>>> print(open('data_29.cif').read())   # mmCIF, C-alpha atoms
data_target
loop_
_atom_site.label_atom_id
_atom_site.label_comp_id
_atom_site.auth_asym_id
_atom_site.auth_seq_id
_atom_site.Cartn_x
_atom_site.Cartn_y
_atom_site.Cartn_z
CA MET A 1432 -7.17 -59.59 14.56
CA ASN A 1433 -10.39 -57.67 15.09
CA ASP A 1434 -8.63 -55.27 17.47
CA ALA A 1435 -5.97 -54.47 14.87
CA THR A 1436 -8.62 -53.88 12.24
CA GLN A 1437 -10.46 -51.50 14.55
CA GLU A 1438 -7.22 -49.64 15.30
CA GLU A 1439 -6.54 -49.24 11.59
CA LYS A 1440 -10.03 -47.88 11.04
CA GLU A 1441 -9.50 -45.33 13.79
CA LEU A 1442 -6.22 -44.21 12.25
CA LEU A 1443 -7.87 -43.76 8.89
CA GLN A 1444 -10.39 -41.41 10.47
CA ILE A 1445 -7.73 -38.88 11.48
CA SER A 1446 -8.87 -35.51 10.16
CA GLU A 1447 -7.45 -33.02 12.70
CA LEU A 1448 -3.81 -32.05 13.18
CA SER A 1449 -2.13 -29.34 15.24
CA LYS A 1450 -0.22 -26.49 13.57
CA PRO A 1451 3.21 -28.09 14.20
CA GLN A 1452 1.93 -31.47 13.03
CA ARG A 1453 0.59 -30.01 9.78
CA ARG A 1454 3.80 -28.11 9.10
CA VAL A 1455 6.05 -31.10 9.83
CA LEU A 1456 3.94 -33.54 7.83
CA GLY A 1457 3.76 -31.06 4.96
CA VAL A 1458 7.55 -30.73 4.96
CA LEU A 1459 8.04 -34.51 4.84
CA LEU A 1460 5.62 -34.82 1.93
CA GLU A 1461 7.09 -31.86 0.06
CA LYS A 1462 10.70 -33.07 0.34
CA ALA A 1463 9.71 -36.62 -0.62
CA PHE A 1464 8.25 -35.18 -3.83
CA THR A 1465 10.82 -32.50 -4.68
CA THR A 1466 14.15 -33.77 -3.27
CA PRO A 1467 13.86 -37.58 -3.06
CA ASP A 1468 17.66 -38.00 -2.90
CA GLN A 1469 17.68 -36.22 0.48
CA TYR A 1470 14.64 -38.08 1.83
CA PRO A 1471 13.96 -39.42 4.51
CA LEU A 1472 14.92 -36.34 6.55
CA THR A 1473 16.94 -35.82 9.70
CA LEU A 1474 15.44 -33.86 12.60
CA LYS A 1475 17.61 -30.90 11.61
CA ALA A 1476 16.41 -31.04 8.00
CA VAL A 1477 12.76 -31.20 9.08
CA THR A 1478 13.31 -28.19 11.35
CA THR A 1479 15.00 -26.24 8.55
CA GLY A 1480 12.20 -27.14 6.15
CA SER A 1481 9.54 -26.14 8.67
CA ASN A 1482 11.08 -22.71 9.17
CA GLN A 1483 12.14 -21.89 5.61
CA LYS A 1484 10.95 -18.55 4.27
CA SER A 1485 9.83 -19.71 0.83
CA ASN A 1486 6.51 -21.49 0.21
CA ARG A 1487 5.44 -21.19 3.88
CA ASP A 1488 2.59 -19.18 5.33
CA PRO A 1489 2.96 -18.18 8.04
CA VAL A 1490 6.75 -18.37 8.39
CA SER A 1491 7.47 -20.26 11.62
CA HIS A 1492 10.32 -20.42 14.11
CA TYR A 1493 10.01 -23.90 15.58
CA SER A 1494 12.85 -25.24 17.70
CA GLU A 1495 14.25 -28.74 17.15
CA THR A 1496 12.51 -29.77 20.38
CA GLN A 1497 9.13 -28.60 19.09
CA VAL A 1498 9.68 -30.35 15.76
CA TYR A 1499 10.76 -33.54 17.53
CA GLU A 1500 7.62 -33.47 19.67
CA ALA A 1501 5.47 -33.03 16.55
CA LEU A 1502 7.26 -35.91 14.82
CA GLU A 1503 6.79 -38.17 17.83
CA SER A 1504 3.09 -37.33 18.07
CA LEU A 1505 2.68 -38.11 14.36
CA ARG A 1506 4.59 -41.35 14.84
CA GLU A 1507 2.22 -42.36 17.64
CA ILE A 1508 -0.79 -42.06 15.34
CA GLY A 1509 0.93 -43.88 12.48
CA LEU A 1510 1.55 -40.97 10.09
CA VAL A 1511 5.34 -40.84 10.51
CA ALA A 1512 8.01 -43.52 10.92
CA VAL A 1513 11.64 -43.45 12.07
CA VAL A 1514 14.27 -44.80 9.68
CA HIS A 1515 17.85 -45.49 10.75
CA SER A 1516 20.68 -44.64 8.36
CA ASP A 1517 23.25 -47.19 7.22
CA SER A 1518 25.77 -45.75 9.67
CA GLY A 1519 23.23 -46.07 12.46
CA ARG A 1520 24.21 -42.67 13.84
CA THR A 1521 21.38 -40.47 12.61
CA GLU A 1522 17.64 -41.10 12.80
CA ARG A 1523 15.64 -40.02 9.81
CA TYR A 1524 11.91 -39.51 9.41
CA ARG A 1525 9.48 -40.37 6.66
CA HIS A 1526 5.73 -39.92 6.28
CA TYR A 1527 3.29 -42.82 6.12
CA MET A 1528 0.41 -41.02 4.40
CA ARG A 1529 0.25 -43.57 1.61
CA HIS A 1530 -0.04 -46.35 4.19
CA ARG A 1531 -2.91 -44.70 6.06
CA PHE A 1532 -4.97 -43.09 3.31
CA ASN A 1533 -6.01 -43.90 -0.23
CA PHE A 1534 -5.13 -40.50 -1.63
CA THR A 1535 -3.95 -40.12 -5.21
CA GLU A 1536 -0.58 -38.48 -5.82
CA PRO A 1537 -2.19 -35.19 -6.93
CA GLN A 1538 -4.37 -35.25 -3.80
CA LEU A 1539 -1.29 -35.69 -1.62
CA ALA A 1540 0.32 -32.73 -3.39
CA ILE A 1541 -2.83 -30.66 -2.84
CA LEU A 1542 -2.89 -31.45 0.87
CA THR A 1543 0.82 -30.71 1.14
CA GLU A 1544 0.45 -27.22 -0.28
CA LEU A 1545 -2.62 -26.44 1.80
CA TRP A 1546 -0.86 -27.60 4.99
CA LEU A 1547 2.18 -25.47 4.17
CA ARG A 1548 0.40 -22.31 2.98
CA GLY A 1549 -3.27 -22.54 3.95
CA ARG A 1550 -5.97 -20.58 2.18
CA GLN A 1551 -5.34 -19.78 -1.52
CA THR A 1552 -7.04 -19.61 -4.90
CA MET A 1553 -7.43 -22.63 -7.13
CA GLY A 1554 -5.01 -21.11 -9.66
CA GLU A 1555 -2.36 -20.62 -6.98
CA LEU A 1556 -2.92 -24.15 -5.71
CA ARG A 1557 -2.49 -25.69 -9.15
CA GLY A 1558 0.76 -23.80 -9.75
CA ARG A 1559 2.22 -24.80 -6.39
CA ALA A 1560 1.03 -28.41 -6.33
CA SER A 1561 2.39 -28.88 -9.86
CA ARG A 1562 5.91 -28.51 -8.43
CA MET A 1563 5.44 -32.00 -7.03
CA VAL A 1564 2.96 -33.77 -9.30
CA PRO A 1565 1.94 -32.74 -12.83
CA ILE A 1566 -1.52 -31.12 -12.78
CA GLU A 1567 -1.95 -29.78 -16.28
CA THR A 1568 -5.28 -27.96 -16.07
CA LEU A 1569 -7.67 -26.43 -13.58
CA GLU A 1570 -10.22 -29.05 -14.62
CA GLU A 1571 -7.84 -31.79 -13.51
CA LEU A 1572 -7.23 -29.96 -10.24
CA ARG A 1573 -10.96 -29.57 -9.62
CA ALA A 1574 -11.54 -33.29 -10.19
CA GLU A 1575 -8.85 -34.24 -7.65
CA PHE A 1576 -9.99 -31.55 -5.22
CA LYS A 1577 -13.60 -32.71 -5.40
CA GLY A 1578 -12.56 -36.16 -4.19
CA LEU A 1579 -11.03 -34.56 -1.08
CA LEU A 1580 -13.99 -32.20 -0.70
CA ASP A 1581 -16.47 -35.08 -0.72
CA GLN A 1582 -14.55 -36.64 2.19
CA LYS A 1583 -14.41 -33.28 4.03
CA TYR A 1584 -10.61 -33.16 4.02
CA VAL A 1585 -10.70 -29.75 2.29
CA GLN A 1586 -13.09 -26.83 2.10
CA SER A 1587 -13.95 -23.92 -0.21
CA ASN A 1588 -15.81 -20.65 0.09
CA GLY A 1589 -17.98 -21.39 -2.94
CA SER A 1590 -18.49 -23.79 -5.81
CA ILE A 1591 -15.12 -24.98 -7.09
CA GLU A 1592 -16.42 -24.44 -10.63
CA ARG A 1593 -16.56 -20.67 -10.04
CA ARG A 1594 -13.69 -18.33 -10.76
CA GLY A 1595 -11.89 -16.58 -7.93
CA ILE A 1596 -13.00 -18.89 -5.12
CA GLU A 1597 -10.52 -19.79 -2.39
CA VAL A 1598 -9.84 -23.17 -0.87
CA ASP A 1599 -8.17 -24.53 2.25
CA HIS A 1600 -7.58 -27.79 4.07
CA ASN A 1601 -10.04 -28.90 6.73
CA TRP A 1602 -7.61 -30.43 9.25
CA TYR A 1603 -7.78 -27.59 11.76
CA LYS A 1604 -8.27 -28.28 15.45
CA GLU A 1605 -11.72 -27.26 16.63
CA ASN A 1606 -10.32 -24.55 18.92
CA GLU A 1607 -8.60 -22.84 15.95
CA GLY A 1608 -11.97 -21.71 14.65
CA LYS A 1609 -10.86 -21.82 11.02
CA THR A 1610 -13.54 -24.09 9.61
CA LEU A 1611 -16.65 -22.04 10.44
CA GLY A 1612 -14.93 -18.73 9.72
CA PHE A 1613 -13.75 -19.92 6.33
CA GLU A 1614 -17.09 -21.40 5.25
CA SER A 1615 -19.04 -18.35 6.39
CA SER A 1616 -17.24 -16.22 3.82
CA ALA A 1617 -19.33 -17.94 1.15
CA GLU A 1618 -22.39 -16.19 2.56
CA HIS A 1619 -20.93 -12.81 1.60
CA GLU A 1620 -19.54 -13.79 -1.78
CA PRO A 1621 -21.72 -12.45 -4.61
CA GLU A 1622 -23.30 -15.18 -6.69
CA VAL A 1623 -23.50 -14.99 -10.46
CA THR A 1624 -27.16 -15.02 -11.47
CA ALA A 1625 -28.90 -15.39 -14.80
CA ALA A 1626 -31.74 -12.99 -14.00
CA VAL A 1627 -30.58 -10.46 -16.61
CA PRO A 1628 -28.97 -11.97 -19.71
CA PRO A 1629 -25.67 -10.25 -20.57
CA SER A 1630 -25.58 -8.07 -23.65
CA PRO A 1631 -23.76 -9.52 -26.65
CA PRO A 1632 -20.13 -8.34 -26.79
CA ALA A 1633 -19.57 -5.40 -29.10
CA THR A 1634 -16.82 -7.30 -30.89
CA GLY A 1635 -19.21 -10.08 -31.85
CA SER A 1636 -17.34 -12.66 -29.75
CA SER A 1637 -19.49 -15.52 -28.53
CA PRO A 1638 -19.72 -16.42 -24.82
CA SER A 1639 -17.81 -19.64 -25.52
CA GLU A 1640 -14.97 -17.66 -27.14
CA LEU A 1641 -14.81 -15.34 -24.15
CA ALA A 1642 -14.72 -18.32 -21.82
CA THR A 1643 -11.86 -19.80 -23.84
CA LEU A 1644 -9.93 -16.51 -23.60
CA LYS A 1645 -10.50 -16.33 -19.84
CA ASP A 1646 -9.26 -19.91 -19.43
CA ALA A 1647 -6.15 -19.04 -21.45
CA VAL A 1648 -5.42 -16.01 -19.27
CA GLU A 1649 -5.92 -18.08 -16.11
CA ARG A 1650 -3.56 -20.77 -17.41
CA LEU A 1651 -0.90 -18.15 -18.16
CA GLN A 1652 -1.24 -16.73 -14.66
CA SER A 1653 -0.93 -20.22 -13.17
CA ASP A 1654 2.13 -20.97 -15.34
CA ASN A 1655 3.83 -17.80 -14.09
CA GLN A 1656 3.08 -18.80 -10.51
CA GLN A 1657 4.43 -22.28 -11.18
CA LEU A 1658 7.68 -20.85 -12.61
CA SER A 1659 8.12 -18.69 -9.51
CA GLN A 1660 7.59 -21.72 -7.29
CA GLN A 1661 10.13 -23.75 -9.29
CA VAL A 1662 12.73 -20.99 -8.83
CA ALA A 1663 11.99 -20.94 -5.10
CA SER A 1664 12.31 -24.73 -4.98
CA ILE A 1665 15.73 -24.62 -6.71
CA LYS A 1666 16.88 -21.93 -4.29
CA GLU A 1667 15.71 -24.08 -1.40
CA VAL A 1668 17.66 -27.11 -2.68
CA VAL A 1669 20.82 -24.96 -2.99
CA GLU A 1670 20.37 -23.75 0.59
CA GLN A 1671 19.98 -27.34 1.81
CA LEU A 1672 23.10 -28.46 -0.08
CA GLN A 1673 25.06 -25.59 1.45
CA GLN A 1674 23.87 -26.61 4.90
CA GLN A 1675 24.76 -30.26 4.28
CA LEU A 1676 28.24 -29.22 3.13
CA ALA A 1677 28.70 -27.17 6.29
CA ASP A 1678 27.52 -30.13 8.42
CA LEU A 1679 29.92 -32.46 6.61
CA LYS A 1680 32.84 -30.10 7.17
CA GLN A 1681 31.96 -29.93 10.85
CA GLU A 1682 31.82 -33.75 11.12
CA LEU A 1683 35.22 -34.04 9.43
CA GLY A 1684 36.63 -31.43 11.79
CA SER A 1685 37.67 -29.06 9.03
#
>>> encode(input="data_29.cif", output="structure tokens")
Amino acid sequence: MNDATQEEKELLQISELSKPQRRVLGVLLEKAFTTPDQYPLTLKAVTTGSNQKSNRDPVSHYSETQVYEALESLREIGLVAVVHSDSGRTERYRHYMRHRFNFTEPQLAILTELWLRGRQTMGELRGRASRMVPIETLEELRAEFKGLLDQKYVQSNGSIERRGIEVDHNWYKENEGKTLGFESSAEHEPEVTAAVPPSPPATGSSPSELATLKDAVERLQSDNQQLSQQVASIKEVVEQLQQQLADLKQELGS
């Protein structure tokens, strides 16, 4: 019993994943959120999702063999499981993130987007993560992100309360050199100081009114990004349905 408990503790401490592992796990999470009727996924579907051109940065060209190896390595550390279909002919894969970590649903969506796209602004992250889980405001995003930041699962190049800062996941392998390089950018980012008080706006607007206007503009920008992501998601579902139809025709010999 003690050995099992120790093993579980070790699994919960996983905080590094290879590039293929991050892409594959991100795909499983994304599809579970956005297309639950098609989840769990076949090896072919995971490969297609890993290499799709929308909502991926960088665009990859993994073979089914490479994706299979990534799935197997994730299965060995308890983050992925194999599920057999009713017909028993096709193996399907599902993630086990909820079994291994106590992340909230918004936090899972945040990690998914960061694994699939990497470094981005908080506004971009909110728009993209909202495709999967409702995140209504940047304040809500910051609260969820801070929980991940405190556990060192994510990183930022400045205070998450500041405008224009960028964020990323922190699951890179040590030899990728992304953690130090990303954090060092904060050293060169100009800080806002209060040494010289700003002059009152000529229009007579108060600082609080200006802050409200800036928040409104930022929300509009995020909403536009979210709409673009929703269109891309619909296009992706259509492409998957077309592929499934082609596969079905092939199975039926037509």
>>> residues_around(input="data_29.cif", residues="His1526 (chain A)", least_positions_apart="3", cutoff="12 Å", atoms="only C-alpha atoms", output="PyMOL selection string")
chain A and resi 1452-1453+1455-1464+1470-1472+1477+1502-1503+1505-1506+1508-1514+1523+1529-1532+1539+1543
>>> residues_around(input="data_29.cif", residues="Glu1536 (chain A)", least_positions_apart="4", cutoff="10 Å", atoms="all atoms listed in the file", output="list of chain:residue names")
A:Phe1464, A:Arg1529, A:Ala1540, A:Ile1541, A:Leu1542, A:Met1563, A:Val1564, A:Pro1565, A:Glu1575
>>> closest_residue(input="data_29.cif", among="A:Ser1504, A:Asn1533, A:Gln1483, A:Gln1497", to="Leu1547 (chain A)", atoms="all atoms listed in the file")
A:Gln1483
>>> atom_distance(input="data_29.cif", atom1="CA of Glu1507 (chain A)", atom2="CA of Met1528 (chain A)")
13.4 Å
>>> axis_aligned_box(input="data_29.cif", around="region 1481-1499 of chain A", padding_each_side="8 Å", output="JSON")
{"center_x": 8.4, "center_y": -25.9, "center_z": 10.3, "size_x": 27.7, "size_y": 31.4, "size_z": 36.2}
>>> closest_residue(input="data_29.cif", among="A:Gly1589, A:Pro1451, A:Gly1480, A:Gly1578", to="Met1553 (chain A)", atoms="only C-alpha atoms")
A:Gly1589
>>> residues_around(input="data_29.cif", residues="Glu1592 (chain A)", least_positions_apart="2", cutoff="9 Å", atoms="all atoms listed in the file", output="MDAnalysis selection string")
chainID A and resid 1570 1573 1589:1590 1594 1596
>>> atom_distance(input="data_29.cif", atom1="CA of Ser1561 (chain A)", atom2="CA of Leu1579 (chain A)")
17.0 Å
>>> resolve_selection(input="data_29.cif", expression="the PyMOL selection byres ((chain A and resi 1479) around 12)", output="ChimeraX atom specification")
/A:1454-1455,1458-1459,1462,1472-1478,1480-1485,1487,1490-1495,1498,1667-1668,1670-1671,1674-1675
>>> closest_residue(input="data_29.cif", among="A:Val1598, A:Gly1608, A:Ser1446, A:Leu1572", to="Thr1535 (chain A)", atoms="only C-alpha atoms")
A:Leu1572
>>> closest_residue(input="data_29.cif", among="A:Gln1582, A:Gln1444, A:Asn1606, A:Ser1587", to="Arg1550 (chain A)", atoms="only C-alpha atoms")
A:Ser1587
>>> atom_distance(input="data_29.cif", atom1="CA of Trp1546 (chain A)", atom2="CA of Thr1465 (chain A)")
15.9 Å
>>> closest_residue(input="data_29.cif", among="A:Pro1537, A:Glu1544, A:Ala1501, A:Pro1489", to="Glu1567 (chain A)", atoms="all atoms listed in the file")
A:Pro1537
>>> residues_around(input="data_29.cif", residues="Arg1557 (chain A)", least_positions_apart="3", cutoff="8 Å", atoms="all atoms listed in the file", output="CSV table (one decimal) with C-alpha atoms, in the frame of the given file")
chain,number,residue,atom,x,y,z
A,1553,MET,CA,-7.4,-22.6,-7.1
A,1554,GLY,CA,-5.0,-21.1,-9.7
A,1560,ALA,CA,1.0,-28.4,-6.3
A,1561,SER,CA,2.4,-28.9,-9.9
A,1566,ILE,CA,-1.5,-31.1,-12.8
A,1568,THR,CA,-5.3,-28.0,-16.1
A,1569,LEU,CA,-7.7,-26.4,-13.6
A,1572,LEU,CA,-7.2,-30.0,-10.2
A,1653,SER,CA,-0.9,-20.2,-13.2
A,1657,GLN,CA,4.4,-22.3,-11.2
>>> build_atoms(input="data_29.cif", residues="region 1466-1487 of chain A", atoms="N, CA, C and O atoms", output="short mmCIF file (atom, residue, chain, number, x, y, z; two decimals), keeping the file's coordinate frame")
data_model
loop_
_atom_site.label_atom_id
_atom_site.label_comp_id
_atom_site.auth_asym_id
_atom_site.auth_seq_id
_atom_site.Cartn_x
_atom_site.Cartn_y
_atom_site.Cartn_z
N THR A 1466 12.73 -33.43 -3.44
CA THR A 1466 14.15 -33.77 -3.27
C THR A 1466 14.28 -35.21 -2.74
O THR A 1466 14.74 -35.42 -1.62
N PRO A 1467 13.86 -36.18 -3.53
CA PRO A 1467 13.86 -37.58 -3.06
C PRO A 1467 15.24 -38.10 -2.66
O PRO A 1467 15.34 -39.00 -1.82
N ASP A 1468 16.31 -37.53 -3.24
CA ASP A 1468 17.66 -38.00 -2.90
C ASP A 1468 18.03 -37.65 -1.46
O ASP A 1468 18.93 -38.27 -0.89
N GLN A 1469 17.38 -36.64 -0.89
CA GLN A 1469 17.68 -36.22 0.48
C GLN A 1469 16.66 -36.74 1.49
O GLN A 1469 16.71 -36.40 2.66
N TYR A 1470 15.73 -37.55 1.00
CA TYR A 1470 14.64 -38.08 1.83
C TYR A 1470 14.92 -39.55 2.13
O TYR A 1470 15.44 -40.24 1.26
N PRO A 1471 14.58 -40.05 3.34
CA PRO A 1471 13.96 -39.42 4.51
C PRO A 1471 14.85 -38.32 5.12
O PRO A 1471 16.03 -38.24 4.82
N LEU A 1472 14.26 -37.53 6.03
CA LEU A 1472 14.92 -36.34 6.55
C LEU A 1472 15.37 -36.52 8.00
O LEU A 1472 14.72 -37.20 8.79
N THR A 1473 16.49 -35.88 8.31
CA THR A 1473 16.94 -35.82 9.70
C THR A 1473 16.07 -34.81 10.46
O THR A 1473 15.36 -34.00 9.86
N LEU A 1474 16.17 -34.83 11.78
CA LEU A 1474 15.44 -33.86 12.60
C LEU A 1474 15.84 -32.44 12.21
O LEU A 1474 14.98 -31.55 12.11
N LYS A 1475 17.13 -32.24 11.98
CA LYS A 1475 17.61 -30.90 11.61
C LYS A 1475 17.03 -30.46 10.28
O LYS A 1475 16.63 -29.29 10.12
N ALA A 1476 16.95 -31.38 9.32
CA ALA A 1476 16.41 -31.04 8.00
C ALA A 1476 14.92 -30.73 8.09
O ALA A 1476 14.43 -29.82 7.41
N VAL A 1477 14.19 -31.48 8.91
CA VAL A 1477 12.76 -31.20 9.08
C VAL A 1477 12.56 -29.83 9.71
O VAL A 1477 11.68 -29.06 9.32
N THR A 1478 13.41 -29.50 10.69
CA THR A 1478 13.31 -28.19 11.35
C THR A 1478 13.61 -27.07 10.36
O THR A 1478 12.90 -26.06 10.31
N THR A 1479 14.66 -27.25 9.56
CA THR A 1479 15.00 -26.24 8.55
C THR A 1479 13.86 -26.08 7.55
O THR A 1479 13.49 -24.96 7.19
N GLY A 1480 13.30 -27.19 7.10
CA GLY A 1480 12.20 -27.14 6.15
C GLY A 1480 10.95 -26.50 6.73
O GLY A 1480 10.22 -25.80 6.04
N SER A 1481 10.72 -26.73 8.02
CA SER A 1481 9.54 -26.14 8.67
C SER A 1481 9.65 -24.63 8.76
O SER A 1481 8.65 -23.92 8.65
N ASN A 1482 10.87 -24.14 8.94
CA ASN A 1482 11.08 -22.71 9.17
C ASN A 1482 11.56 -21.94 7.94
O ASN A 1482 11.86 -20.75 8.05
N GLN A 1483 11.64 -22.59 6.79
CA GLN A 1483 12.14 -21.89 5.61
C GLN A 1483 11.18 -20.76 5.23
O GLN A 1483 9.98 -20.79 5.54
N LYS A 1484 11.72 -19.76 4.57
CA LYS A 1484 10.95 -18.55 4.27
C LYS A 1484 10.17 -18.64 2.96
O LYS A 1484 9.24 -17.86 2.74
N SER A 1485 10.53 -19.57 2.10
CA SER A 1485 9.83 -19.71 0.83
C SER A 1485 8.75 -20.78 0.94
O SER A 1485 8.92 -21.80 1.60
N ASN A 1486 7.62 -20.54 0.29
CA ASN A 1486 6.51 -21.49 0.21
C ASN A 1486 5.97 -21.87 1.59
O ASN A 1486 5.55 -23.01 1.80
N ARG A 1487 5.99 -20.95 2.54
CA ARG A 1487 5.44 -21.19 3.88
C ARG A 1487 4.59 -19.99 4.29
O ARG A 1487 5.00 -18.85 4.12
#
